[in-house]
Amino acid sequence: MDITTKYMGMNLRSPLVVSASPLSEDIGNIKQIEDSGAGAVVLYSLFEEQIVSEQKDLFYHTSLGDISPEALTFFPEQDEYRLAPDEYLNHIRKAKEAVKIPVIASINGATTGGWVNFAKKMQEAGANAIELNIYYIPTELGLSGNDVEQTYIEILKSVKSTVKIPIAVKLSPFFSNMANMAHQLDIAGADALVLFNRFYQPDIDLENLEVKQNILLSHASSARLPLRWIAIMKGRIKADLAATSGIHSGTDAIKMLLAGANVTMLCSILLKNGIDYIKVIEKQMLDWLESKEYESVKQLIGSMCQLKNADPSSFERAQYMKAISKYKF
Amino acid sequence: MKDKVFVTIDGNEAAAYVMYRMNEVCAIYPITPSSNMGEWADEWSSKGIKNLWGNVPTVIEMQSEGGAAGALHGSLQAGALTTTFTASQGLLLKLPNMFKIAGELTPTVFNISARALATHALSIFGDHSDVMAARTTGFAMICSGSVQEVIDLGIIAQASSLESRLPFMHFFDGFRTSHEESKIEIVPDEQMKQMINDDLVELHRKRALTPDHPVLRGTAQNPDVFFQNRETINTFYNAAPDIIQKVMDKFAGIIGRQYHLFDYVGSPDAEHIIILMGSGAETAQETVEYLNAKGEKVGLIKVRIYRPFDIKRFLEAIPASVKVIGVLDRTKEPGAVGEPLYTDIINALHEGLAEGYGKIKSMPIVVGGRYGLSSKEFTPSMVKAVFDNLKSKKPKNHFTIGINDDVTHTSLDFDPDFDIEPPDVIRAMFYGLGSDGTVGANKNSIKIIGENTDYYAQGYYVYDSRKAGTLTASHLRFGPRPIRSSYLIGKANFIACHQTVFIEKYDMLKNISNDGTFLINAPWKKEEVWDNLPKKTQKHIIDKKVKLYSIDAQSVAEASGMGRRINTVMQVCFFAISGVLPKEHAIEAIKDSIRNTYGKKGDEIVNMNLKAVDNTLDNLFEIPNPGKITAKYDIREAVPSEAPEFVRDVLGEIIAGRGDDIPVSKFPVDGTYPTATTQWEKRNIALEIPVWDEHICIQCGKCPMVCPHASIRIKVFDPEELVNVPETFKAVDAKDKEFAGMKYSIQIAPEDCTGCGVCVEVCPVKNKTNTSLKALNLAPQIPLREQEAKNWDYFLRLPETDRNILKVNTVRQQQIQQPLFEFSGACAGCGETPYVKLVSQLFGDRAIIANATGCSSIYGGNLPTTPWTMNRDGRGPTWSNSLFEDNAEFGLGFRLAIDKQNEIAIGLLLKLKDKLGDDFINDIINAKQIEEPDILEQRKRVALLKEKLREIDLYEARRLLTVVDYLVKKSVWVIGGDGWAYDIGYGGLDHVIATGKNVNILVLDTEVYSNTGGQTSKATPISAVAKFSAGGKATGKKDLGMMAMSYGSVYVAVVAMGAKDDQALKAFIEAEAYNGPSLIIAYSHCIAHGIDMGNPLQQQKMAVDSGQWILYRYNPDLAKEGKNPLLLDSKAPKIPVAQYMDSENRFRMLKKSKPEVAKELYQMAQDIANDRYKMYQYLADRKYDGEQK
């Protein structure tokens, strides 16, 4: 069975790709990801805030002094500081040395600040591609939807202008017209769209009356939203499509491929079951493909997208109404 | 200048620079102002920088200077080229080894940033009392007067020591030279190498102890031969002066600067000369040259080599014309014939003339004087006054210069307006706030000017004695010739005020010259600037035609992402206005410097600084001088007029910056000062202060407990007291049932609060309709200041809550006790002072405190005002600081004296049994005096006893009256930091707890030497980055509590108030009640940890939750009852140690600098925490005989 796929011009052994997560913080894990058959690995995200705040924090504490004539400084000056960006670049280099599968660097930010220049350094460090994770929660009352969309476009354009390697944009589904947003990103040069980013939502700690952040892993039903939009966008934009959220089994992956995804991203299920679980998912996928007598994954990709669907409206609102009507109270 | 290598460094770096290159081992211990020398050496060693022979010197920090001297002595004996850096008390601790090292003719150079010895008071500042105390050791003494000389004479000392075999003390003035930044010519390594003869190094090694050629050194000798042995060294001392001069001549040949053992400067036919050494000689040279240019004939001799004193060369240095000599000593020897240099000069003249040395034929008139003690200013006007004295008919001998001695009338008058500074020297002063970056920016400006122009540059920085809201004054000079002005700027061309709040407090422009420039950072619009200045400042500007500039640096900094750091903005303003460099050139140089300085700290830091540079000039405005005074206010008086006389006349003058003018007669003769004085110094340093929401407060008492400055307090009182209540004063019904019918009030001292916000952090209450609010919320101070000051005054007048009704074992009631430690100069958010304050609340009215040198002695006892105070009865803690190393012993001495006087009192009581009655004296003698009410009862009995004794006309009765108060229990507290308890004072502490005597020892454990700027102690935890542990401390923290517990007779508690306040409270009460030695080790978060000082309690919680800091109490009294004495108060760790460590920069920065090392040490830290908890749990779980199995 040929399960190879093509993503942003890269030939991948398998459409199963490990998405950005703490799993890739360790080079040993990255080797294990390759050994388990993944087609590529997206490294953990380097956050814009991390780049900025870490430097400010270090600057503040190491510059503090002149408290009294006896305490002019508090810390010995170090020869060098290995800040998160440098460590990240080292990590890319080490990952590239360790594995043959493509290594996709991930950068997470929300402004057009200086951090976008960091993409060039990622390219120089050997990253095969960059996943641009735009994590933006606009809250300003005066900011229009168009302004928000333009921010995405500008970030993409500024990154594209600094690098030659492919750029994927990972984004949220919260746009007035997702199709138009995808179209604009496509025009702006996105090599792939990763659908969708899972925003961590705040919770309330009832004991201390404080807002707390805790990570909720995806569940299989999370896959429905990307499934719809991948199916809608497939064939209508040039950019490749990557599915992420709720892909917990081989059949989940198959569905995404049918809808039009070039690759399917795994995370929560691996955090839960371990990296080796990639093999199980691949086996499940192969079983299905063989049972349906497919010859290759490429055959499968997009075969049920909206453009190729007998009932195109099934991915739109009409179908939604029908789905509800199926329930009997 | 172009073919020479110039650098801008301070004296300490200069000394470290040459010594590091010419040595193989450095053994040190931090002490101000020498600490930086050892720190430089350690930094270079950790970076692998090599010495002249291509080796990386080993730098070791010891537990005390005594330890450093021992290690150095051993290293020398075993053949390594070894050096040390020290000062003051540190040098004294080295004396025993110095006699040995000299007696064994061992070459070494000790580098001393000379500092005052503690006498009636400690002083960290410079004079020669330390080196003079060491002059009998047999060390040669070589003195540098400037940063350039530190380089030059340091090399000469090392080369001379190797050749002469005499050890050298190379000394220079603490702070004035050690901390003065100066543009100097560096001596390249190859030239330095030429100065050192490798054959002499080899001879040093050949003399080393080695089992390959065994010898024995350090014998014990008897009356028959010791004396003769002692005289064997004479030939070496006789030969040394020629050797040193030969080395000086060689130095001149290679490097080009010629020195002599005694250098004469001035008119060749001078009749009046002065003799001195150190930085004062630079000022004297500048003045002599000025006076001679005006037609006078005066001169000076700079003493380079004070020991061995070469009489012949000294006489030869004196011009034949000399008739009168003034000798200036920077030390005082009470009771001596005169100060040491003076008596030596007299002696040398006497002997030299008899030998026919030199050009003078008869004994000149010689007078001696003292100057510059504790860095007292020594200015050209003072030099002139000394010459004027020499020219008088009968020159005053044993004079002082620089002070007003109106008691024994030793002082010479001087004209403070005598100014000799040439107009081509730019003089700039900058007033900043410690930690706002002003000093750093100025150091940078000096480097920029030094590197970009042919100008010579000098920078000197003056700090006040407070750690919160510190005023820093930078004095910068730039000029075309080497700058010899080793004194503060008198008249400045440029003055900058970097903090708006200073405007209403200080006379910023008292030093401004005519046509000078004044730059102020203020948030005002340019049209508002003039009207916002105080009257005095406006008058200066009008009278002296000062150019005024203004910038809102805060806004520019914030808009550039710099937060409150205004340093770059103000630096740009200085260059833009002063014209030292062409503006464009200066801005490029600043930008280059930003890239070089901050490059390794990240692009963001570079970019925000560059942005600040670009944003500055558009916001800098020249303010027109309207020529008339419009101000509605003036600079405030330092203390209010109702303050006591001593506070007004002495402390207030110090606060106002006029301490130099206070005459001798105003001071106590023996260093005894009144307590309760911080209350008069309203510092107003808080930007925000807490506001109490009385409606939601649960009256838990936590806020005053954690307040580092005792500026938030509680009173519970009768509602009838509420008369003439200020409009905004708050009081509500007290909630505790014991206080039924009473009122409860929490009040902030708005002008004493530092605005740290720790009270807000600890407040456990959330407003139900708006969870962003607590029962305490910060609000801007200025709008609240007047109203809350009135409320505070009213609150103080309310009666203190009766201590007898308080349940002191609960925080909510104990915290109502009046603190007798208030408004100290500790850092905002300090983690030590809440414990100190707790002692004062619980036991202050009967406490006697021995305080080790360190942060707690500085915020506890540094003038002008001191925080220990008294209650309405006039009782309160009495406090003293002996030394750093002897604090436990000092406190034990208190105990011995108190017990002895108690014993005397009881003996006399028994003798007066017939007069006083059995029952009465038995009640007194047997009173248990454990809890507060017991003590109050005893006080009543003693008061009655005093009345009775006054009626008895017997010797015993009169004698008993002198010791009668010792019948009431006294609580002895021994307080200090971990540097004292774990390191320098550990031997004493160990001995004291072994005596079984009733002393209470409080260790304020910040896990680092905080006061001297973050050096490693044995309390420093594994993996923490500190000075001397730049690569992370590789070993674990000493378990001091466990060591003390091993005696079985010591009460031990480990506490962390921010994690478990009630446990801490219990520990203090139990420790004091225990009739034997007690040791409390208190986790004290610290600015040196690299934490958010506005939320420091979370660090304490994490330290405890991770098991890094284990809370327990070990009470030997429980063992006596057959119970396990150890109570483990910490629950099993619930978070990883790494989570705690990652929240503090001291650990985090290891991850950022050496991640591989950090990974290993973090794991070791976790292992240590796990093992320790298991061990404590095992010990606490053991069942004792008296407990049920």
# chains A, B, ... in the order shown; residues from 1 in each chain; ligands from 1
$ residues_around --residues "Thr251 (chain A)" --least-positions-apart "4" --cutoff "10 Å" --atoms "only C-alpha atoms" --output "list in words"
Ile247, Lys255, Met256, Leu257, Ile281, Glu282, Gln284, Met285, Leu286, Asp287, Trp288 and Leu289 of chain A
$ write_last_selection --atoms "N, CA and C atoms" --output "PDB file, in the first residue's frame"
ATOM      1  N   ILE A 247      -8.125  13.882  15.765  1.00  0.00           N
ATOM      2  CA  ILE A 247      -7.777  12.711  14.951  1.00  0.00           C
ATOM      3  C   ILE A 247      -7.156  11.684  15.896  1.00  0.00           C
ATOM      4  N   LYS A 255     -10.986   9.858   7.192  1.00  0.00           N
ATOM      5  CA  LYS A 255     -12.067  10.818   6.904  1.00  0.00           C
ATOM      6  C   LYS A 255     -11.488  12.154   6.457  1.00  0.00           C
ATOM      7  N   MET A 256     -10.437  12.591   7.150  1.00  0.00           N
ATOM      8  CA  MET A 256      -9.821  13.872   6.807  1.00  0.00           C
ATOM      9  C   MET A 256      -9.215  13.823   5.411  1.00  0.00           C
ATOM     10  N   LEU A 257      -8.589  12.709   5.099  1.00  0.00           N
ATOM     11  CA  LEU A 257      -7.982  12.568   3.776  1.00  0.00           C
ATOM     12  C   LEU A 257      -9.070  12.587   2.701  1.00  0.00           C
ATOM     13  N   ILE A 281      -2.328   3.704  14.727  1.00  0.00           N
ATOM     14  CA  ILE A 281      -3.190   4.499  13.836  1.00  0.00           C
ATOM     15  C   ILE A 281      -2.902   4.135  12.367  1.00  0.00           C
ATOM     16  N   GLU A 282      -1.613   3.990  12.061  1.00  0.00           N
ATOM     17  CA  GLU A 282      -1.251   3.633  10.690  1.00  0.00           C
ATOM     18  C   GLU A 282      -1.860   2.276  10.314  1.00  0.00           C
ATOM     19  N   GLN A 284      -4.522   0.918  11.601  1.00  0.00           N
ATOM     20  CA  GLN A 284      -5.968   1.085  11.415  1.00  0.00           C
ATOM     21  C   GLN A 284      -6.264   1.672  10.026  1.00  0.00           C
ATOM     22  N   MET A 285      -5.416   2.609   9.648  1.00  0.00           N
ATOM     23  CA  MET A 285      -5.597   3.265   8.351  1.00  0.00           C
ATOM     24  C   MET A 285      -5.382   2.252   7.210  1.00  0.00           C
ATOM     25  N   LEU A 286      -4.307   1.486   7.358  1.00  0.00           N
ATOM     26  CA  LEU A 286      -3.995   0.479   6.335  1.00  0.00           C
ATOM     27  C   LEU A 286      -5.116  -0.562   6.225  1.00  0.00           C
ATOM     28  N   ASP A 287      -5.599  -0.996   7.386  1.00  0.00           N
ATOM     29  CA  ASP A 287      -6.677  -1.988   7.392  1.00  0.00           C
ATOM     30  C   ASP A 287      -7.863  -1.496   6.583  1.00  0.00           C
ATOM     31  N   TRP A 288      -8.211  -0.214   6.828  1.00  0.00           N
ATOM     32  CA  TRP A 288      -9.364   0.348   6.118  1.00  0.00           C
ATOM     33  C   TRP A 288      -9.072   0.431   4.618  1.00  0.00           C
ATOM     34  N   LEU A 289      -7.877   0.942   4.306  1.00  0.00           N
ATOM     35  CA  LEU A 289      -7.514   1.113   2.888  1.00  0.00           C
ATOM     36  C   LEU A 289      -7.521  -0.239   2.164  1.00  0.00           C
TER      37      LEU A 289
END
$ interface_residues --of "chain A" --to "chain B" --cutoff "10 Å" --atoms "only C-alpha atoms" --output "ChimeraX atom specification"
/A:51-87,113-115,208-210
$ write_last_selection --atoms "N, CA and C atoms" --output "compact mmCIF listing (two decimals), in the first residue's frame"
# COMPACT_ATOMS: atom_id res chain seq x y z
N ILE A 51 9.73 35.02 23.37
CA ILE A 51 10.90 35.71 22.85
C ILE A 51 11.06 37.05 23.55
N VAL A 52 9.95 37.76 23.69
CA VAL A 52 10.01 39.11 24.24
C VAL A 52 10.14 39.09 25.76
N SER A 53 9.26 38.35 26.42
CA SER A 53 9.23 38.45 27.88
C SER A 53 10.44 37.81 28.53
N GLU A 54 10.93 36.75 27.94
CA GLU A 54 12.10 36.12 28.53
C GLU A 54 13.28 37.09 28.52
N GLN A 55 13.43 37.80 27.43
CA GLN A 55 14.54 38.74 27.34
C GLN A 55 14.37 39.88 28.34
N LYS A 56 13.13 40.37 28.43
CA LYS A 56 12.89 41.49 29.35
C LYS A 56 13.12 41.06 30.79
N ASP A 57 12.68 39.86 31.09
CA ASP A 57 12.82 39.32 32.44
C ASP A 57 14.30 39.20 32.82
N LEU A 58 15.05 38.63 31.93
CA LEU A 58 16.48 38.44 32.18
C LEU A 58 17.17 39.79 32.29
N PHE A 59 16.79 40.69 31.40
CA PHE A 59 17.37 42.04 31.40
C PHE A 59 17.09 42.73 32.73
N TYR A 60 15.83 42.63 33.17
CA TYR A 60 15.44 43.30 34.41
C TYR A 60 16.25 42.78 35.59
N HIS A 61 16.29 41.47 35.75
CA HIS A 61 16.93 40.92 36.94
C HIS A 61 18.45 41.06 36.90
N THR A 62 19.03 40.90 35.71
CA THR A 62 20.49 40.99 35.67
C THR A 62 20.96 42.44 35.66
N SER A 63 20.06 43.38 35.38
CA SER A 63 20.46 44.79 35.40
C SER A 63 20.19 45.43 36.75
N LEU A 64 19.47 44.73 37.61
CA LEU A 64 19.09 45.32 38.89
C LEU A 64 20.32 45.51 39.76
N GLY A 65 20.43 46.66 40.36
CA GLY A 65 21.58 46.90 41.22
C GLY A 65 21.54 48.31 41.74
N ASP A 66 22.70 48.79 42.19
CA ASP A 66 22.80 50.14 42.74
C ASP A 66 21.78 50.36 43.86
N ILE A 67 21.54 49.30 44.63
CA ILE A 67 20.61 49.40 45.76
C ILE A 67 21.28 50.12 46.92
N SER A 68 22.57 49.95 47.03
CA SER A 68 23.33 50.62 48.09
C SER A 68 24.79 50.64 47.64
N PRO A 69 25.64 51.40 48.35
CA PRO A 69 27.04 51.41 47.92
C PRO A 69 27.69 50.04 48.02
N GLU A 70 27.06 49.13 48.78
CA GLU A 70 27.65 47.80 48.95
C GLU A 70 27.12 46.80 47.93
N ALA A 71 25.93 47.05 47.40
CA ALA A 71 25.33 46.10 46.46
C ALA A 71 25.09 46.79 45.13
N LEU A 72 26.12 46.80 44.30
CA LEU A 72 26.00 47.48 43.00
C LEU A 72 25.39 46.56 41.95
N THR A 73 25.54 45.25 42.17
CA THR A 73 24.89 44.26 41.31
C THR A 73 24.52 43.08 42.20
N PHE A 74 23.71 42.16 41.67
CA PHE A 74 23.36 40.98 42.46
C PHE A 74 23.75 39.66 41.80
N PHE A 75 23.96 39.71 40.49
CA PHE A 75 24.29 38.45 39.81
C PHE A 75 25.58 38.57 39.02
N PRO A 76 26.34 37.49 38.97
CA PRO A 76 27.54 37.52 38.15
C PRO A 76 27.15 37.58 36.67
N GLU A 77 27.86 38.40 35.93
CA GLU A 77 27.56 38.52 34.49
C GLU A 77 28.00 37.23 33.80
N GLN A 78 27.13 36.72 32.96
CA GLN A 78 27.45 35.47 32.26
C GLN A 78 28.05 35.80 30.89
N ASP A 79 28.88 34.87 30.43
CA ASP A 79 29.52 35.05 29.13
C ASP A 79 28.51 35.13 28.01
N GLU A 80 27.54 34.22 28.10
CA GLU A 80 26.51 34.19 27.06
C GLU A 80 25.19 33.72 27.67
N TYR A 81 24.13 34.11 27.02
CA TYR A 81 22.81 33.64 27.45
C TYR A 81 22.21 32.84 26.31
N ARG A 82 21.75 31.67 26.66
CA ARG A 82 21.12 30.84 25.63
C ARG A 82 19.61 31.00 25.77
N LEU A 83 19.14 32.02 25.08
CA LEU A 83 17.74 32.39 25.20
C LEU A 83 16.87 31.45 24.38
N ALA A 84 15.58 31.48 24.68
CA ALA A 84 14.66 30.54 24.02
C ALA A 84 14.83 30.51 22.50
N PRO A 85 14.94 31.66 21.83
CA PRO A 85 15.10 31.60 20.37
C PRO A 85 16.36 30.82 19.97
N ASP A 86 17.45 31.08 20.66
CA ASP A 86 18.70 30.37 20.31
C ASP A 86 18.56 28.88 20.60
N GLU A 87 17.94 28.59 21.74
CA GLU A 87 17.75 27.19 22.09
C GLU A 87 16.87 26.51 21.05
N GLY A 113 5.31 42.19 15.05
CA GLY A 113 6.54 42.67 15.70
C GLY A 113 7.78 42.02 15.14
N GLY A 114 8.89 42.31 15.81
CA GLY A 114 10.20 41.87 15.34
C GLY A 114 10.36 40.37 15.29
N TRP A 115 9.51 39.68 16.02
CA TRP A 115 9.66 38.23 16.10
C TRP A 115 9.54 37.54 14.75
N ASN A 208 -10.35 29.87 44.77
CA ASN A 208 -9.62 31.14 44.93
C ASN A 208 -10.20 32.29 44.11
N LEU A 209 -11.31 32.02 43.43
CA LEU A 209 -11.93 33.02 42.56
C LEU A 209 -10.90 33.64 41.61
N GLU A 210 -10.18 32.76 40.96
CA GLU A 210 -9.19 33.22 40.00
C GLU A 210 -9.42 32.51 38.67
$ residues_around --residues "Asp1005 (chain B)" --least-positions-apart "3" --cutoff "12 Å" --atoms "only C-alpha atoms" --output "ChimeraX atom specification"
/B:831-833,835,854-856,975-983,1001-1002,1008-1010,1017-1021,1037-1041,1054-1056,1079-1086,1088-1089,1100,1109
$ residues_around --residues "region 539-544 of chain B" --least-positions-apart "4" --cutoff "8 Å" --atoms "only C-alpha atoms" --output "PDB file with N, CA and C atoms, in the first residue's frame"
ATOM      1  N   LEU B 509      19.915  72.200  42.998  1.00  0.00           N
ATOM      2  CA  LEU B 509      20.779  73.135  42.266  1.00  0.00           C
ATOM      3  C   LEU B 509      21.783  73.852  43.150  1.00  0.00           C
ATOM      4  N   LYS B 510      21.994  73.346  44.356  1.00  0.00           N
ATOM      5  CA  LYS B 510      22.945  74.070  45.218  1.00  0.00           C
ATOM      6  C   LYS B 510      24.353  74.051  44.618  1.00  0.00           C
ATOM      7  N   ILE B 512      24.998  74.138  41.258  1.00  0.00           N
ATOM      8  CA  ILE B 512      25.020  74.570  39.850  1.00  0.00           C
ATOM      9  C   ILE B 512      25.917  75.816  39.688  1.00  0.00           C
ATOM     10  N   SER B 513      26.644  75.838  38.605  1.00  0.00           N
ATOM     11  CA  SER B 513      27.500  77.003  38.365  1.00  0.00           C
ATOM     12  C   SER B 513      26.697  78.066  37.599  1.00  0.00           C
ATOM     13  N   ASN B 514      27.213  79.246  37.560  1.00  0.00           N
ATOM     14  CA  ASN B 514      26.558  80.289  36.762  1.00  0.00           C
ATOM     15  C   ASN B 514      26.510  79.845  35.303  1.00  0.00           C
ATOM     16  N   ASP B 515      25.380  80.092  34.658  1.00  0.00           N
ATOM     17  CA  ASP B 515      25.169  79.697  33.257  1.00  0.00           C
ATOM     18  C   ASP B 515      25.163  78.182  33.058  1.00  0.00           C
ATOM     19  N   GLY B 516      24.973  77.463  34.128  1.00  0.00           N
ATOM     20  CA  GLY B 516      24.915  75.998  34.021  1.00  0.00           C
ATOM     21  C   GLY B 516      23.606  75.536  33.391  1.00  0.00           C
ATOM     22  N   LYS B 535      10.366  77.093  45.143  1.00  0.00           N
ATOM     23  CA  LYS B 535      10.887  78.471  45.143  1.00  0.00           C
ATOM     24  C   LYS B 535      12.404  78.512  45.055  1.00  0.00           C
ATOM     25  N   LEU B 548      17.257  75.702  31.439  1.00  0.00           N
ATOM     26  CA  LEU B 548      16.404  74.632  31.970  1.00  0.00           C
ATOM     27  C   LEU B 548      15.848  73.781  30.824  1.00  0.00           C
ATOM     28  N   ASN B 625      13.234  80.736  30.851  1.00  0.00           N
ATOM     29  CA  ASN B 625      13.370  81.228  32.226  1.00  0.00           C
ATOM     30  C   ASN B 625      12.574  82.524  32.324  1.00  0.00           C
ATOM     31  N   GLY B 627      12.151  84.525  34.673  1.00  0.00           N
ATOM     32  CA  GLY B 627      12.793  85.570  35.463  1.00  0.00           C
ATOM     33  C   GLY B 627      12.045  85.957  36.716  1.00  0.00           C
ATOM     34  N   LYS B 628      10.975  85.251  37.067  1.00  0.00           N
ATOM     35  CA  LYS B 628      10.289  85.585  38.326  1.00  0.00           C
ATOM     36  C   LYS B 628       9.819  84.306  39.019  1.00  0.00           C
ATOM     37  N   ILE B 629       9.811  84.408  40.340  1.00  0.00           N
ATOM     38  CA  ILE B 629       9.424  83.243  41.139  1.00  0.00           C
ATOM     39  C   ILE B 629       7.906  83.143  41.184  1.00  0.00           C
TER      40      ILE B 629
END
$ atom_distance --atom1 "CA of Glu104 (chain B)" --atom2 "CA of Phe236 (chain B)"
11.4 Å
$ atom_distance --atom1 "CA of Gln1108 (chain B)" --atom2 "CA of Tyr1178 (chain B)"
17.0 Å
$ atom_distance --atom1 "CA of Ala1180 (chain B)" --atom2 "CA of Lys1134 (chain B)"
18.9 Å
$ select_by_dssp --residues "region 73-278 of chain A" --states "alpha helix (DSSP H)" --output "JSON, numbers by chain"
{"A": [84, 85, 86, 87, 88, 89, 90, 91, 92, 93, 94, 95, 96, 97, 98, 118, 119, 120, 121, 122, 123, 124, 125, 145, 146, 147, 148, 149, 150, 151, 152, 153, 154, 155, 156, 157, 158, 159, 160, 178, 179, 180, 181, 182, 183, 184, 185, 186, 187, 224, 225, 226, 227, 228, 229, 230, 231, 232, 233, 250, 251, 252, 253, 254, 255, 256, 257, 258, 259, 268, 269, 270, 271, 272, 273, 277, 278]}
$ write_last_selection --atoms "C-alpha atoms" --output "compact mmCIF listing (two decimals), in the first residue's frame"
# COMPACT_ATOMS: atom_id res chain seq x y z
CA ALA A 84 14.66 30.54 24.02
CA PRO A 85 15.10 31.60 20.37
CA ASP A 86 18.70 30.37 20.31
CA GLU A 87 17.75 27.19 22.09
CA TYR A 88 14.98 26.70 19.57
CA LEU A 89 17.39 27.10 16.67
CA ASN A 90 19.75 24.62 18.28
CA HIS A 91 16.85 22.30 18.68
CA ILE A 92 16.04 22.53 14.97
CA ARG A 93 19.67 21.72 14.14
CA LYS A 94 19.73 18.77 16.50
CA ALA A 95 16.41 17.48 15.20
CA LYS A 96 17.64 17.73 11.64
CA GLU A 97 20.75 15.77 12.55
CA ALA A 98 18.68 13.14 14.33
CA PHE A 118 13.00 34.94 13.52
CA ALA A 119 11.58 32.81 10.69
CA LYS A 120 14.71 33.48 8.65
CA LYS A 121 16.87 32.08 11.42
CA MET A 122 14.66 28.99 11.50
CA GLN A 123 15.26 28.52 7.82
CA GLU A 124 19.00 28.94 8.31
CA ALA A 125 18.92 26.39 11.13
CA GLY A 145 -13.28 41.94 11.24
CA ASN A 146 -11.47 43.24 8.19
CA ASP A 147 -8.72 44.72 10.39
CA VAL A 148 -8.28 41.38 12.11
CA GLU A 149 -8.04 39.59 8.79
CA GLN A 150 -5.49 42.09 7.55
CA THR A 151 -3.30 41.37 10.58
CA TYR A 152 -3.19 37.72 9.55
CA ILE A 153 -2.32 38.62 6.00
CA GLU A 154 0.38 41.06 7.06
CA ILE A 155 2.01 38.54 9.39
CA LEU A 156 2.04 35.97 6.62
CA LYS A 157 3.40 38.39 4.06
CA SER A 158 6.16 39.61 6.32
CA VAL A 159 7.26 36.08 7.10
CA LYS A 160 7.03 35.02 3.47
CA MET A 178 -13.70 31.23 6.61
CA ALA A 179 -13.63 30.59 2.87
CA ASN A 180 -12.69 34.18 2.12
CA MET A 181 -10.04 34.17 4.84
CA ALA A 182 -8.55 31.01 3.38
CA HIS A 183 -8.68 32.55 -0.07
CA GLN A 184 -6.88 35.70 1.09
CA LEU A 185 -4.16 33.67 2.79
CA ASP A 186 -3.86 31.59 -0.35
CA ILE A 187 -3.30 34.71 -2.43
CA ARG A 224 -15.98 17.63 12.72
CA LEU A 225 -15.15 21.32 12.33
CA PRO A 226 -11.89 20.89 10.38
CA LEU A 227 -13.49 18.10 8.39
CA ARG A 228 -16.15 20.47 7.08
CA TRP A 229 -13.78 23.26 6.14
CA ILE A 230 -11.21 21.03 4.57
CA ALA A 231 -13.92 19.53 2.42
CA ILE A 232 -15.17 22.99 1.46
CA MET A 233 -11.75 24.43 0.66
CA GLY A 250 -6.86 5.53 11.58
CA THR A 251 -10.44 6.01 10.48
CA ASP A 252 -10.43 9.62 11.75
CA ALA A 253 -7.40 10.19 9.54
CA ILE A 254 -9.07 8.50 6.57
CA LYS A 255 -12.07 10.82 6.90
CA MET A 256 -9.82 13.87 6.81
CA LEU A 257 -7.98 12.57 3.78
CA LEU A 258 -11.28 11.88 2.04
CA ALA A 259 -12.35 15.45 2.80
CA SER A 268 -3.72 14.53 22.02
CA ILE A 269 -3.93 10.84 21.27
CA LEU A 270 -0.14 10.53 21.41
CA LEU A 271 0.07 12.49 24.66
CA LYS A 272 -2.44 10.01 26.01
CA ASN A 273 -1.18 6.73 24.52
CA TYR A 277 0.55 4.78 19.00
CA ILE A 278 1.31 6.26 15.58
$ residues_around --residues "Asp718 (chain B)" --least-positions-apart "5" --cutoff "8 Å" --atoms "only C-alpha atoms" --output "list of chain:residue names"
B:Gly741, B:Met742, B:Lys743
$ write_last_selection --atoms "C-alpha atoms" --output "mmCIF file, in the first residue's frame"
data_model
loop_
_atom_site.group_PDB
_atom_site.id
_atom_site.type_symbol
_atom_site.label_atom_id
_atom_site.label_comp_id
_atom_site.auth_asym_id
_atom_site.auth_seq_id
_atom_site.Cartn_x
_atom_site.Cartn_y
_atom_site.Cartn_z
ATOM 1 C CA GLY B 741 -18.325 46.132 71.694
ATOM 2 C CA MET B 742 -14.945 47.427 70.574
ATOM 3 C CA LYS B 743 -13.887 49.134 67.378
#
